[in-house]
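Next comes data_16.cif, with mmCIF, C-alpha atoms.
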```cif
data_entry
#
loop_
_atom_site.label_atom_id
_atom_site.label_comp_id
_atom_site.auth_asym_id
_atom_site.auth_seq_id
_atom_site.Cartn_x
_atom_site.Cartn_y
_atom_site.Cartn_z
CA MET A 1 11.79 18.91 -12.36
CA GLN A 2 15.07 18.14 -14.08
CA GLY A 3 16.15 14.94 -15.72
CA MET A 4 19.14 12.77 -14.92
CA SER A 5 22.29 11.87 -16.82
CA LEU A 6 22.53 10.22 -20.22
CA ILE A 7 23.18 6.73 -18.80
CA VAL A 8 20.04 6.81 -16.68
CA LYS A 9 18.02 8.10 -19.63
CA LYS A 10 19.23 5.36 -21.97
CA ILE A 11 18.74 2.55 -19.45
CA SER A 12 15.22 3.70 -18.56
CA GLN A 13 14.45 4.04 -22.27
CA ILE A 14 15.32 0.37 -22.68
CA MET A 15 13.63 -0.80 -19.47
CA ALA A 16 10.37 1.16 -19.53
CA PRO A 17 8.67 -0.65 -22.45
CA SER A 18 9.39 -4.05 -20.90
CA ILE A 19 7.98 -2.92 -17.56
CA PHE A 20 4.87 -1.60 -19.32
CA ILE A 21 4.38 -4.87 -21.25
CA LEU A 22 4.87 -6.84 -18.02
CA GLY A 23 2.25 -4.70 -16.31
CA MET A 24 -0.25 -5.25 -19.13
CA TYR A 25 0.47 -9.00 -19.03
CA VAL A 26 -0.04 -9.15 -15.27
CA VAL A 27 -3.36 -7.29 -15.59
CA ALA A 28 -4.63 -9.45 -18.44
CA HIS A 29 -3.64 -12.76 -16.82
CA GLY A 30 -4.75 -11.77 -13.34
CA HIS A 31 -7.16 -14.68 -13.06
CA LEU A 32 -4.55 -17.24 -14.15
CA THR A 33 -1.21 -16.22 -12.63
CA PRO A 34 -0.17 -14.27 -9.51
CA GLY A 35 -1.06 -10.64 -9.90
CA GLY A 36 -4.17 -8.93 -11.08
CA GLY A 37 -5.44 -5.41 -11.30
CA PHE A 38 -3.56 -4.09 -8.28
CA ALA A 39 -0.17 -5.62 -9.12
CA GLY A 40 -0.34 -4.72 -12.81
CA GLY A 41 -1.60 -1.23 -12.04
CA VAL A 42 1.28 -0.47 -9.72
CA LEU A 43 3.72 -1.86 -12.31
CA ILE A 44 2.38 0.51 -14.98
CA ALA A 45 2.48 3.43 -12.55
CA GLY A 46 6.08 2.51 -11.71
CA CYS A 47 6.96 2.55 -15.42
CA PHE A 48 5.63 6.09 -15.86
CA THR A 49 7.32 7.19 -12.63
CA LEU A 50 10.64 5.87 -13.90
CA LEU A 51 10.28 7.80 -17.15
CA ILE A 52 9.38 11.06 -15.39
CA LEU A 53 12.26 10.68 -12.93
CA ALA A 54 14.78 9.94 -15.67
CA TYR A 55 13.75 12.48 -18.28
CA GLY A 56 12.30 15.25 -16.14
CA SER A 57 9.26 17.24 -17.05
CA SER A 58 8.41 20.89 -17.32
CA LYS A 59 5.77 22.33 -15.03
CA GLU A 60 3.19 22.85 -17.76
CA ARG A 61 3.53 19.31 -19.08
CA SER A 62 3.30 17.96 -15.53
CA LEU A 63 0.06 19.87 -15.01
CA VAL A 64 -1.32 18.33 -18.20
CA PHE A 65 -0.21 14.88 -16.98
CA LYS A 66 -1.97 15.48 -13.68
CA GLU A 67 -5.25 16.47 -15.34
CA LYS A 68 -5.13 13.45 -17.65
CA ALA A 69 -4.27 11.05 -14.82
CA SER A 70 -7.20 12.32 -12.74
CA LEU A 71 -9.51 11.91 -15.74
CA ILE A 72 -8.33 8.36 -16.48
CA GLU A 73 -8.64 7.43 -12.82
CA SER A 74 -12.26 8.59 -12.74
CA GLY A 75 -12.85 6.62 -15.94
CA GLY A 76 -11.42 3.46 -14.37
CA ILE A 77 -13.63 3.63 -11.30
CA PHE A 78 -16.70 4.35 -13.45
CA LEU A 79 -15.86 1.32 -15.60
CA PHE A 80 -15.68 -0.81 -12.46
CA LEU A 81 -19.05 0.49 -11.25
CA PHE A 82 -20.56 -0.11 -14.69
CA ILE A 83 -19.37 -3.73 -14.68
CA ALA A 84 -20.92 -4.10 -11.24
CA LEU A 85 -24.19 -2.59 -12.50
CA LEU A 86 -24.40 -5.07 -15.41
CA GLY A 87 -25.93 -7.56 -13.01
CA LEU A 88 -28.73 -5.13 -12.16
CA ILE A 89 -29.28 -4.35 -15.85
CA GLN A 90 -29.61 -8.05 -16.58
CA GLY A 91 -32.14 -8.41 -13.78
CA THR A 92 -30.10 -10.26 -11.16
CA LEU A 93 -28.04 -8.89 -8.28
CA PHE A 94 -25.42 -6.16 -7.95
CA PHE A 95 -21.91 -7.51 -8.64
CA VAL A 96 -23.13 -10.91 -9.78
CA ASN A 97 -20.77 -12.70 -12.16
CA ILE A 98 -23.16 -12.67 -15.12
CA PHE A 99 -21.04 -14.12 -17.92
CA SER A 100 -19.80 -16.91 -15.73
CA ARG A 101 -23.31 -18.36 -15.41
CA SER A 102 -24.25 -18.49 -19.08
CA ASN A 103 -20.79 -19.34 -20.44
CA PRO A 104 -18.29 -20.32 -17.74
CA GLY A 105 -15.41 -21.25 -20.04
CA VAL A 106 -12.60 -23.68 -19.31
CA PRO A 107 -10.73 -22.94 -16.07
CA GLY A 108 -7.21 -21.97 -17.03
CA ALA A 109 -8.09 -20.45 -20.40
CA LEU A 110 -7.58 -16.72 -21.02
CA PHE A 111 -11.24 -16.09 -21.84
CA SER A 112 -12.87 -17.61 -18.79
CA SER A 113 -14.28 -16.73 -15.41
CA GLY A 114 -16.82 -14.12 -16.51
CA ILE A 115 -16.37 -10.54 -15.35
CA ILE A 116 -13.14 -11.12 -13.40
CA PRO A 117 -10.77 -10.15 -16.29
CA LEU A 118 -12.92 -7.08 -17.05
CA CYS A 119 -12.81 -6.04 -13.40
CA ASN A 120 -9.05 -6.59 -13.42
CA ILE A 121 -8.67 -4.22 -16.35
CA ALA A 122 -10.83 -1.56 -14.68
CA ILE A 123 -8.94 -1.87 -11.39
CA GLY A 124 -5.61 -1.78 -13.23
CA VAL A 125 -6.51 1.46 -15.01
CA GLU A 126 -7.74 3.03 -11.78
CA VAL A 127 -4.75 2.05 -9.65
CA ALA A 128 -2.17 3.01 -12.29
CA ALA A 129 -3.72 6.44 -12.86
CA ALA A 130 -4.23 7.05 -9.13
CA LEU A 131 -0.64 6.29 -8.15
CA PHE A 132 0.72 8.29 -11.08
CA ALA A 133 -1.49 11.24 -10.11
CA ILE A 134 -0.16 11.11 -6.54
CA PHE A 135 3.44 10.98 -7.77
CA ILE A 136 3.08 13.80 -10.30
CA THR A 137 1.32 15.98 -7.71
CA PHE A 138 4.29 15.60 -5.38
CA ALA A 139 6.70 16.17 -8.25
CA ILE A 140 5.24 19.54 -9.26
CA MET A 141 4.81 20.68 -5.66
CA ARG A 142 7.02 23.69 -5.01
CA PHE A 143 7.49 24.50 -1.39
CA GLY A 144 6.95 28.08 -0.29
CA GLU A 145 5.19 29.37 -3.39
CA LYS A 146 2.48 31.58 -2.03
CA LEU A 147 0.05 32.07 -4.85
CA MET B 1 12.52 -21.50 4.15
CA VAL B 2 10.25 -20.73 7.06
CA SER B 3 13.22 -20.67 9.43
CA ALA B 4 14.39 -17.49 7.68
CA LEU B 5 11.30 -15.67 8.94
CA ILE B 6 12.60 -14.88 12.42
CA PRO B 7 15.85 -13.16 11.26
CA LEU B 8 13.89 -11.20 8.68
CA ILE B 9 11.33 -9.96 11.21
CA GLY B 10 14.23 -9.17 13.53
CA LEU B 11 15.74 -7.07 10.74
CA MET B 12 12.41 -5.30 10.36
CA ILE B 13 12.38 -4.52 14.10
CA CYS B 14 15.92 -3.13 13.90
CA GLY B 15 14.92 -0.98 10.94
CA ALA B 16 11.89 0.31 12.82
CA VAL B 17 13.95 1.29 15.87
CA ILE B 18 16.54 3.07 13.72
CA ALA B 19 13.85 4.81 11.67
CA LEU B 20 12.26 6.24 14.79
CA GLU B 21 15.37 7.09 16.80
CA THR B 22 17.69 8.68 14.24
CA LYS B 23 18.17 12.45 14.28
CA ASP B 24 18.05 12.82 10.50
CA LEU B 25 14.67 12.51 8.81
CA LEU B 26 16.20 11.30 5.53
CA SER B 27 18.03 8.47 7.29
CA GLY B 28 14.81 7.59 9.06
CA ILE B 29 12.93 7.32 5.78
CA ILE B 30 15.64 5.18 4.20
CA SER B 31 15.57 2.91 7.26
CA LEU B 32 11.83 2.65 6.72
CA GLY B 33 12.68 1.15 3.33
CA ILE B 34 14.41 -1.74 5.12
CA ILE B 35 11.08 -2.73 6.67
CA GLY B 36 9.21 -2.62 3.38
CA PHE B 37 11.73 -4.58 1.35
CA ALA B 38 12.18 -7.17 4.11
CA LEU B 39 8.39 -7.48 4.15
CA THR B 40 8.52 -8.30 0.42
CA ILE B 41 10.82 -11.26 1.10
CA VAL B 42 8.61 -12.34 3.99
CA PHE B 43 5.60 -12.38 1.67
CA LEU B 44 7.52 -14.54 -0.81
CA ILE B 45 8.43 -17.00 1.94
CA LEU B 46 4.82 -17.09 3.11
CA GLN B 47 3.71 -18.19 -0.41
CA ALA B 48 2.01 -14.93 -1.34
CA PRO B 49 3.47 -13.84 -4.70
CA ASP B 50 0.62 -11.37 -5.38
CA LEU B 51 1.46 -9.45 -2.23
CA ALA B 52 5.19 -9.44 -3.02
CA ILE B 53 4.65 -7.86 -6.46
CA VAL B 54 2.44 -5.14 -5.02
CA GLN B 55 4.58 -4.48 -1.95
CA ILE B 56 7.90 -3.95 -3.73
CA ILE B 57 6.57 -1.25 -6.07
CA ILE B 58 4.36 0.43 -3.46
CA GLU B 59 7.41 0.61 -1.18
CA THR B 60 9.45 2.29 -3.91
CA LEU B 61 6.71 4.84 -4.63
CA THR B 62 6.25 5.54 -0.90
CA LEU B 63 9.96 6.22 -0.49
CA ILE B 64 9.94 8.54 -3.52
CA ILE B 65 7.00 10.52 -2.10
CA LEU B 66 8.45 10.77 1.41
CA ILE B 67 11.91 11.77 0.16
CA ALA B 68 10.40 14.41 -2.14
CA ALA B 69 8.41 15.86 0.75
CA VAL B 70 11.36 15.87 3.15
CA LEU B 71 13.89 17.29 0.69
CA LYS B 72 11.55 20.13 -0.14
CA THR B 73 11.01 21.07 3.53
CA THR B 74 13.69 20.15 6.04
CA ILE B 75 15.66 17.05 6.97
CA LYS B 76 16.63 18.11 10.47
CA ASP B 77 14.91 16.69 13.51
CA SER B 78 16.31 19.22 15.99
CA ILE B 79 13.61 19.25 18.60
CA GLU B 80 14.56 19.71 22.24
CA SER B 81 11.78 19.00 24.65
CA LEU B 82 11.44 19.97 28.29
CA LYS B 83 12.48 17.38 30.83
CA ALA B 84 9.13 17.15 32.63
CA ARG B 85 7.20 16.79 29.42
CA LYS B 86 9.67 14.16 28.23
CA VAL B 87 9.10 12.06 31.35
CA ILE B 88 5.33 12.29 30.96
CA LEU B 89 5.56 11.27 27.31
CA TRP B 90 7.83 8.34 28.09
CA VAL B 91 5.54 7.10 30.85
CA ALA B 92 2.48 7.41 28.62
CA GLY B 93 4.20 5.60 25.78
CA LEU B 94 5.45 2.78 27.98
CA VAL B 95 2.03 2.31 29.60
CA CYS B 96 0.28 2.14 26.22
CA VAL B 97 2.84 -0.26 24.72
CA ALA B 98 2.79 -2.49 27.81
CA ALA B 99 -1.01 -2.61 27.83
CA PHE B 100 -1.07 -3.48 24.14
CA ILE B 101 1.51 -6.25 24.46
CA PHE B 102 -0.25 -7.67 27.52
CA ALA B 103 -3.63 -7.73 25.73
CA SER B 104 -2.17 -9.36 22.64
CA LEU B 105 -0.39 -12.01 24.68
CA LYS B 106 -3.75 -12.77 26.30
CA ALA B 107 -5.31 -13.01 22.85
CA PHE B 108 -2.63 -15.41 21.63
CA ALA B 109 -4.02 -18.08 23.93
CA ASP B 110 -6.95 -18.46 21.53
CA ILE B 111 -5.01 -18.41 18.25
CA SER B 112 -3.96 -21.67 16.67
CA ALA B 113 -0.24 -22.26 16.26
CA PHE B 114 1.80 -20.88 13.35
CA GLY B 115 1.50 -23.10 10.29
CA SER B 116 -1.88 -24.64 11.02
CA PRO B 117 -4.57 -21.97 10.59
CA VAL B 118 -8.27 -22.35 11.21
CA LEU B 119 -9.75 -22.62 7.71
CA ARG B 120 -13.44 -22.16 8.42
CA MET B 121 -14.31 -19.71 5.65
CA ALA B 122 -11.37 -20.57 3.44
CA GLU B 123 -12.46 -24.21 3.09
CA TYR B 124 -15.43 -23.01 1.08
CA TYR B 125 -13.27 -20.78 -1.10
CA LEU B 126 -10.67 -23.48 -1.65
CA SER B 127 -13.20 -26.14 -2.62
CA ASN B 128 -15.66 -23.99 -4.59
CA GLY B 129 -13.41 -21.27 -5.95
CA VAL B 130 -12.67 -22.76 -9.36
CA THR B 131 -16.09 -24.29 -10.01
CA GLY B 132 -17.93 -21.21 -8.79
CA THR B 133 -16.03 -18.51 -10.65
CA GLY B 134 -13.80 -20.18 -13.22
CA ALA B 135 -10.66 -18.31 -12.10
CA VAL B 136 -7.74 -20.48 -11.09
CA ASN B 137 -6.08 -17.66 -9.11
CA LEU B 138 -8.05 -17.92 -5.89
CA VAL B 139 -6.97 -14.49 -4.64
CA ALA B 140 -8.44 -12.88 -7.77
CA ALA B 141 -11.56 -15.01 -7.32
CA ILE B 142 -11.97 -13.71 -3.76
CA ILE B 143 -11.28 -10.02 -4.34
CA LEU B 144 -13.36 -9.73 -7.51
CA ASP B 145 -16.15 -12.26 -7.07
CA PHE B 146 -16.81 -13.44 -3.52
CA ARG B 147 -15.83 -10.17 -1.85
CA ALA B 148 -16.18 -7.65 -4.65
CA TYR B 149 -17.86 -5.11 -2.36
CA ASP B 150 -14.60 -4.91 -0.43
CA THR B 151 -12.73 -4.08 -3.61
CA LEU B 152 -15.29 -1.44 -4.57
CA GLY B 153 -14.81 0.20 -1.17
CA GLU B 154 -11.06 0.06 -1.63
CA ALA B 155 -11.28 1.72 -5.04
CA THR B 156 -13.45 4.43 -3.49
CA VAL B 157 -10.94 5.03 -0.69
CA LEU B 158 -8.07 5.29 -3.19
CA PHE B 159 -10.09 7.72 -5.32
CA THR B 160 -10.90 9.84 -2.28
CA SER B 161 -7.30 9.95 -1.10
CA VAL B 162 -6.08 11.00 -4.55
CA ALA B 163 -8.73 13.73 -4.63
CA GLY B 164 -7.55 14.84 -1.18
CA VAL B 165 -3.89 14.97 -2.20
CA VAL B 166 -4.64 16.92 -5.38
CA ALA B 167 -6.88 19.34 -3.49
CA VAL B 168 -4.41 19.94 -0.65
CA LEU B 169 -1.34 20.41 -2.84
CA ARG B 170 -2.83 22.43 -5.69
CA LYS B 171 -1.79 25.97 -6.43
CA LYS B 172 -5.00 27.59 -7.59
CA GLY B 173 -7.73 28.69 -5.25
CA ARG B 174 -5.65 28.95 -2.08
CA THR B 175 -6.25 31.97 0.09
CA MET C 1 4.16 -18.55 17.98
CA ILE C 2 7.41 -16.55 18.14
CA GLU C 3 6.58 -15.01 14.75
CA TYR C 4 3.31 -13.63 16.07
CA ILE C 5 5.06 -12.14 19.10
CA LEU C 6 7.69 -10.48 16.89
CA ALA C 7 4.93 -8.97 14.72
CA VAL C 8 3.27 -7.59 17.87
CA VAL C 9 6.62 -6.14 18.98
CA LEU C 10 6.90 -4.39 15.60
CA PHE C 11 3.41 -2.95 16.05
CA ALA C 12 4.33 -1.80 19.57
CA ILE C 13 7.39 0.05 18.23
CA GLY C 14 5.14 1.90 15.80
CA LEU C 15 2.71 2.70 18.61
CA TYR C 16 5.59 4.05 20.71
CA GLY C 17 6.63 6.27 17.82
CA VAL C 18 3.15 7.68 17.38
CA ILE C 19 2.76 8.45 21.08
CA VAL C 20 6.21 9.70 22.08
CA LYS C 21 7.63 11.40 18.97
CA ARG C 22 6.89 15.07 18.35
CA ASN C 23 8.00 15.40 14.75
CA LEU C 24 5.16 15.03 12.23
CA ILE C 25 7.27 12.97 9.81
CA LYS C 26 8.29 10.66 12.65
CA ILE C 27 4.61 10.20 13.54
CA ILE C 28 3.87 9.28 9.92
CA ILE C 29 6.77 6.80 9.99
CA GLY C 30 5.27 5.28 13.14
CA LEU C 31 1.90 4.90 11.46
CA MET C 32 3.54 3.20 8.48
CA ILE C 33 5.38 0.78 10.78
CA MET C 34 2.04 -0.13 12.38
CA GLU C 35 0.57 -0.72 8.92
CA TYR C 36 3.46 -3.00 7.95
CA ALA C 37 3.07 -4.93 11.19
CA VAL C 38 -0.64 -5.51 10.60
CA ASN C 39 0.00 -6.69 7.03
CA LEU C 40 2.73 -9.01 8.29
CA PHE C 41 0.48 -10.42 11.01
CA LEU C 42 -2.39 -11.12 8.61
CA ALA C 43 -0.05 -12.84 6.15
CA LEU C 44 1.44 -14.92 8.99
CA ILE C 45 -1.98 -16.04 10.17
CA GLY C 46 -2.89 -17.46 6.76
CA TYR C 47 0.25 -19.55 6.34
CA ARG C 48 -0.14 -23.32 6.32
CA SER C 49 3.04 -25.38 6.56
CA GLY C 50 3.77 -27.13 3.28
CA GLY C 51 1.15 -25.08 1.47
CA ALA C 52 1.43 -23.89 -2.12
CA PRO C 53 0.49 -20.40 -3.40
CA PRO C 54 -3.28 -20.30 -4.03
CA ILE C 55 -3.10 -20.91 -7.79
CA VAL C 56 -5.11 -24.03 -8.64
CA GLU C 57 -3.79 -26.44 -11.23
CA VAL C 58 -6.85 -28.27 -12.51
CA GLY C 59 -6.80 -31.98 -11.80
CA LYS C 60 -4.18 -31.86 -9.05
CA ASN C 61 -4.82 -32.32 -5.36
CA GLN C 62 -2.75 -29.74 -3.53
CA ILE C 63 -2.55 -28.06 -0.14
CA PHE C 64 -2.92 -24.28 -0.36
CA VAL C 65 -2.23 -21.47 2.04
CA ASP C 66 -5.27 -19.49 3.17
CA PRO C 67 -6.16 -17.06 0.33
CA LEU C 68 -8.50 -14.87 2.39
CA PRO C 69 -5.89 -12.89 4.39
CA GLN C 70 -3.91 -12.41 1.19
CA ALA C 71 -6.94 -10.86 -0.48
CA LEU C 72 -7.44 -8.53 2.50
CA VAL C 73 -3.78 -7.49 2.65
CA LEU C 74 -3.65 -6.90 -1.12
CA THR C 75 -6.20 -4.11 -0.88
CA ALA C 76 -4.73 -2.80 2.38
CA ILE C 77 -1.27 -2.25 0.86
CA VAL C 78 -2.61 -0.07 -1.94
CA ILE C 79 -4.81 1.93 0.46
CA GLY C 80 -1.74 2.43 2.65
CA LEU C 81 0.04 4.41 -0.07
CA GLY C 82 -3.00 6.63 -0.59
CA THR C 83 -3.41 7.46 3.08
CA THR C 84 0.33 8.00 3.51
CA ALA C 85 0.38 10.43 0.59
CA LEU C 86 -2.56 12.32 2.10
CA LEU C 87 -0.81 12.54 5.49
CA VAL C 88 2.44 13.72 3.91
CA SER C 89 0.63 16.41 1.92
CA PHE C 90 -1.02 17.68 5.12
CA ALA C 91 2.37 17.70 6.84
CA VAL C 92 3.94 19.69 4.00
CA ARG C 93 1.18 22.29 4.12
CA ILE C 94 1.49 22.56 7.91
CA PHE C 95 5.25 23.11 7.56
CA GLU C 96 4.59 25.81 4.99
CA LYS C 97 2.28 27.65 7.36
CA TYR C 98 4.04 27.23 10.72
CA ASP C 99 7.64 26.61 9.56
CA THR C 100 8.08 23.62 11.85
CA PHE C 101 7.25 19.93 12.09
CA ASP C 102 7.00 20.06 15.90
CA VAL C 103 3.47 19.25 16.98
CA HIS C 104 3.86 21.15 20.26
CA LYS C 105 4.82 24.38 18.51
CA ILE C 106 1.79 24.37 16.24
CA ARG C 107 -0.24 26.27 18.78
CA LYS C 108 -2.34 28.35 16.47
CA LEU C 109 -4.59 25.36 15.93
CA ARG C 110 -5.76 25.61 19.53
CA GLY C 111 -9.05 27.40 19.86
#
```
Give the structure from this file in C-alpha cells form.
Amino acid sequence: MQGMSLIVKKISQIMAPSIFILGMYVVAHGHLTPGGGFAGGVLIAGCFTLLILAYGSSKERSLVFKEKASLIESGGIFLFLFIALLGLIQGTLFFVNIFSRSNPGVPGALFSSGIIPLCNIAIGVEVAAALFAIFITFAIMRFGEKL
Amino acid sequence: MVSALIPLIGLMICGAVIALETKDLLSGIISLGIIGFALTIVFLILQAPDLAIVQIIIETLTLIILIAAVLKTTIKDSIESLKARKVILWVAGLVCVAAFIFASLKAFADISAFGSPVLRMAEYYLSNGVTGTGAVNLVAAIILDFRAYDTLGEATVLFTSVAGVVAVLRKKGRT
Amino acid sequence: MIEYILAVVLFAIGLYGVIVKRNLIKIIIGLMIMEYAVNLFLALIGYRSGGAPPIVEVGKNQIFVDPLPQALVLTAIVIGLGTTALLVSFAVRIFEKYDTFDVHKIRKLRG
C-alpha cells in the first residue's frame, strides 16, 4: 500500500513516538491510573497503524510484519498463561496473586499489587500485536487475486 | 453533566438510523463512526475513563478495517427486492422489534432507577479491593485479580479471532 | 429511566437492521449497533449519581461508580473488534466468490 504526502509523514513522525510512550506509560501504570493492558495495547497498535498508513509498506515487508505480529501475539498470551500458572507452581491455586501475599507493597506505589502489573504487560503485548495483525492482514489483502 | 446523556444517545440513534438506511455503504460506515465517538463521550460522562480510552481507538481501527474492506469490493447498495418479500421482511422485523421492546419494558419494572444501582457484589469489591490486591485502580483489580478467568477467556477469544482472520484472508493454500 | 429506554431503542434499531436488511455489510453494521447498545446499557446500569471514577485515593472516603460493569465492558469492546474483523473477512471472501453482497442471491450455499 502507498504512503501519503510529506505533511502527513512529518506529522506522524513527530506524533508516533509520543503515542508509543503514552501507551507504554498506560500499560505500566495500569494498576494506578485509568487504563491498563487493554487501553495501552490499543494505543500501541494505533501508533503502528498510524505509521503504516502514513508511510506505506511494500507487500513483502507487510508479510514479514504479519508473521512477527502473530508470533508476538502468541508470546503475549503464553506469558499471561505462565503468570497464571505461577500459582500452581508455588503450590496454591491457579491465578492466585502470589506476590501480593508475601509482599503486598504500599497501595499507590509503582511496585505493588503483586502480579497485576505483570498481567497488564502480558495483556498489553497480546492486544497490541493482535490488533496490528488484524490491521496489516486487511492492508495486504488484494481483492480478486486468485492464487 | 448527566443531563447531556439524553441528547448524546439521541445522536447515536440518529446515526444508527442513517447508517442502516443510506444507499451508500461508505456513508453508512462513516455514520457508524458517529455512534462510536458519541459512545466515547458517554463513557466519559458516566465516569469510566478506562472505557473511553479503549473505545476511541477501537472505533478508529474498526472504521479503518470496514473502509478498507468496502473500498476494495463495492460501495453500492443497489439491491431491489420483490414487493411480497419486502412486506414479509418488514412484518417480521416489526414483530421482532416490538416483542423485544415489550419484553424489555416489562423487565424495567425490576431495575432500580438510573443513578442508584444495586451494589450487591460491588460492595465487596469497593471495600476489599485495595486491601485484597494492592491496586488502587479497582477496574484493574477486578479484571486481573477477582475475575482473571474472564480476562483469560477474552484473550483466548481475541487470539482465536485473529487466527480466523489470518486464515481466511491469506493467499497461500487456497484452492 | 429514559436513558435505559433510549438504549433499548438503539438495540432495537440494530435488531431491525439484522432482520430486514439484505446487504451483508448492512447486517454487520446492525450487529455493531447492537454491540454498542449493550455496552452503553451496561455502563448506564453501573452509574451512581455523584460517584467518582473507581480509582481509590488512600485515606479518602469517596463514593465510586460500580466498577464491575466497567470491567465487563472493557473486555467486550476489544472482543467486538476481533469478531467484527472476522465477519468482515468472511464477507469479503463471499463477495469474491459470488460477486455480490446480497444474501438472497448467494444461493449456491443451499444444499
Expand the PyMOL selection byres ((chain B) within 9 of (chain A)) into the explicit residue set it covers here, and present it as a ChimeraX atom specification.
/B:48-55,57-58,60-61,64-65,68-69,72-73,130-141,144-145,148-149,151-152,155-156,158-159,162-163,165-166,169-175
Just the residues within 10 Å of Leu72 in chain C, please, counting all atoms listed in the file, with nothing from its chain fewer than 4 positions along; format it as a PyMOL selection string.
(chain B and resi 139+142-143+147+150-151) or (chain C and resi 39+42-43+67-68+76-77)
Do a neighbour search on range 113-119 of chain B at 6 Å with all atoms listed in the file, toss out local chain neighbours closer than 6 positions, and write the hits as a list of chain:residue names.
C:Met1, C:Tyr47, C:Arg48, C:Ser49
Near chain A, which residues of chain C fall within 12 Å when you count all atoms listed in the file, and what do they look like as a ChimeraX atom specification?
/C:53-59,67,70-71,73-86,88-99
Expected file contents, prior selection, C-alpha atoms, as a PDB file, in the coordinates of the input:
```pdb
ATOM      1  CA  PRO C  53       0.490 -20.400  -3.400  1.00  0.00           C
ATOM      2  CA  PRO C  54      -3.280 -20.300  -4.030  1.00  0.00           C
ATOM      3  CA  ILE C  55      -3.100 -20.910  -7.790  1.00  0.00           C
ATOM      4  CA  VAL C  56      -5.110 -24.030  -8.640  1.00  0.00           C
ATOM      5  CA  GLU C  57      -3.790 -26.440 -11.230  1.00  0.00           C
ATOM      6  CA  VAL C  58      -6.850 -28.270 -12.510  1.00  0.00           C
ATOM      7  CA  GLY C  59      -6.800 -31.980 -11.800  1.00  0.00           C
ATOM      8  CA  PRO C  67      -6.160 -17.060   0.330  1.00  0.00           C
ATOM      9  CA  GLN C  70      -3.910 -12.410   1.190  1.00  0.00           C
ATOM     10  CA  ALA C  71      -6.940 -10.860  -0.480  1.00  0.00           C
ATOM     11  CA  VAL C  73      -3.780  -7.490   2.650  1.00  0.00           C
ATOM     12  CA  LEU C  74      -3.650  -6.900  -1.120  1.00  0.00           C
ATOM     13  CA  THR C  75      -6.200  -4.110  -0.880  1.00  0.00           C
ATOM     14  CA  ALA C  76      -4.730  -2.800   2.380  1.00  0.00           C
ATOM     15  CA  ILE C  77      -1.270  -2.250   0.860  1.00  0.00           C
ATOM     16  CA  VAL C  78      -2.610  -0.070  -1.940  1.00  0.00           C
ATOM     17  CA  ILE C  79      -4.810   1.930   0.460  1.00  0.00           C
ATOM     18  CA  GLY C  80      -1.740   2.430   2.650  1.00  0.00           C
ATOM     19  CA  LEU C  81       0.040   4.410  -0.070  1.00  0.00           C
ATOM     20  CA  GLY C  82      -3.000   6.630  -0.590  1.00  0.00           C
ATOM     21  CA  THR C  83      -3.410   7.460   3.080  1.00  0.00           C
ATOM     22  CA  THR C  84       0.330   8.000   3.510  1.00  0.00           C
ATOM     23  CA  ALA C  85       0.380  10.430   0.590  1.00  0.00           C
ATOM     24  CA  LEU C  86      -2.560  12.320   2.100  1.00  0.00           C
ATOM     25  CA  VAL C  88       2.440  13.720   3.910  1.00  0.00           C
ATOM     26  CA  SER C  89       0.630  16.410   1.920  1.00  0.00           C
ATOM     27  CA  PHE C  90      -1.020  17.680   5.120  1.00  0.00           C
ATOM     28  CA  ALA C  91       2.370  17.700   6.840  1.00  0.00           C
ATOM     29  CA  VAL C  92       3.940  19.690   4.000  1.00  0.00           C
ATOM     30  CA  ARG C  93       1.180  22.290   4.120  1.00  0.00           C
ATOM     31  CA  ILE C  94       1.490  22.560   7.910  1.00  0.00           C
ATOM     32  CA  PHE C  95       5.250  23.110   7.560  1.00  0.00           C
ATOM     33  CA  GLU C  96       4.590  25.810   4.990  1.00  0.00           C
ATOM     34  CA  LYS C  97       2.280  27.650   7.360  1.00  0.00           C
ATOM     35  CA  TYR C  98       4.040  27.230  10.720  1.00  0.00           C
ATOM     36  CA  ASP C  99       7.640  26.610   9.560  1.00  0.00           C
TER      37      ASP C  99
END
```
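In this structure, CA of Leu15 in chain C sits 23.8 Å away from CA of Ile41 in chain B.
One finds CA of Ile44 in chain A at 17.3 Å from CA of Leu63 in chain B.
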Which residues are near Leu31 in chain C? Cut-off 8 Å, all atoms listed in the file, ignore same chain within fewer than 2 positions. Put them as a PyMOL selection string.
chain C and resi 14-15+18+27-29+33-35
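Relative to CA of Arg85 in chain B, CA of Gly15 in chain B is found at 26.8 Å.
Closest approach to chain C from the set B:Ser31, B:Gln47, B:Thr74, B:Ser127 is made by B:Gln47, with distances taken over all atoms listed in the file.
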Assuming the chain letters and numbering stay as they are in my file, what does the PyMOL selection byres ((chain B and resi 35) around 9) actually select? List them as a tab-separated table (two decimals) with C-alpha atoms, in the frame of the given file.
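In the end it all went to expr01.tsv:
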```tsv
chain	number	residue	atom	x	y	z
B	9	ILE	CA	11.33	-9.96	11.21
B	11	LEU	CA	15.74	-7.07	10.74
B	12	MET	CA	12.41	-5.30	10.36
B	13	ILE	CA	12.38	-4.52	14.10
B	14	CYS	CA	15.92	-3.13	13.90
B	15	GLY	CA	14.92	-0.98	10.94
B	16	ALA	CA	11.89	0.31	12.82
B	31	SER	CA	15.57	2.91	7.26
B	32	LEU	CA	11.83	2.65	6.72
B	33	GLY	CA	12.68	1.15	3.33
B	34	ILE	CA	14.41	-1.74	5.12
B	36	GLY	CA	9.21	-2.62	3.38
B	37	PHE	CA	11.73	-4.58	1.35
B	38	ALA	CA	12.18	-7.17	4.11
B	39	LEU	CA	8.39	-7.48	4.15
B	40	THR	CA	8.52	-8.30	0.42
C	33	ILE	CA	5.38	0.78	10.78
C	36	TYR	CA	3.46	-3.00	7.95
```
Within 8 Å of Leu44 in chain C, counting all atoms listed in the file, which residues qualify if same-chain residues fewer than 6 places away don't, as a list in words?
Leu46 and Phe114 of chain B; Glu3 and Tyr4 of chain C
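For Ala52 in chain C, the list of residues within 7 Å, based on only C-alpha atoms and with local chain neighbours fewer than 3 positions off taken out, reads Gln47 of chain B; Ile63, Phe64 and Val65 of chain C.
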Which centre and edge lengths in Å to one decimal define the box along x, y and z that fits every listed atom of range 110-119 of chain A plus 4 Å per side, as AutoDock Vina command-line options?
```
--center_x -12.2 --center_y -11.8 --center_z -17.6 --size_x 17.2 --size_y 19.6 --size_z 16.4
```
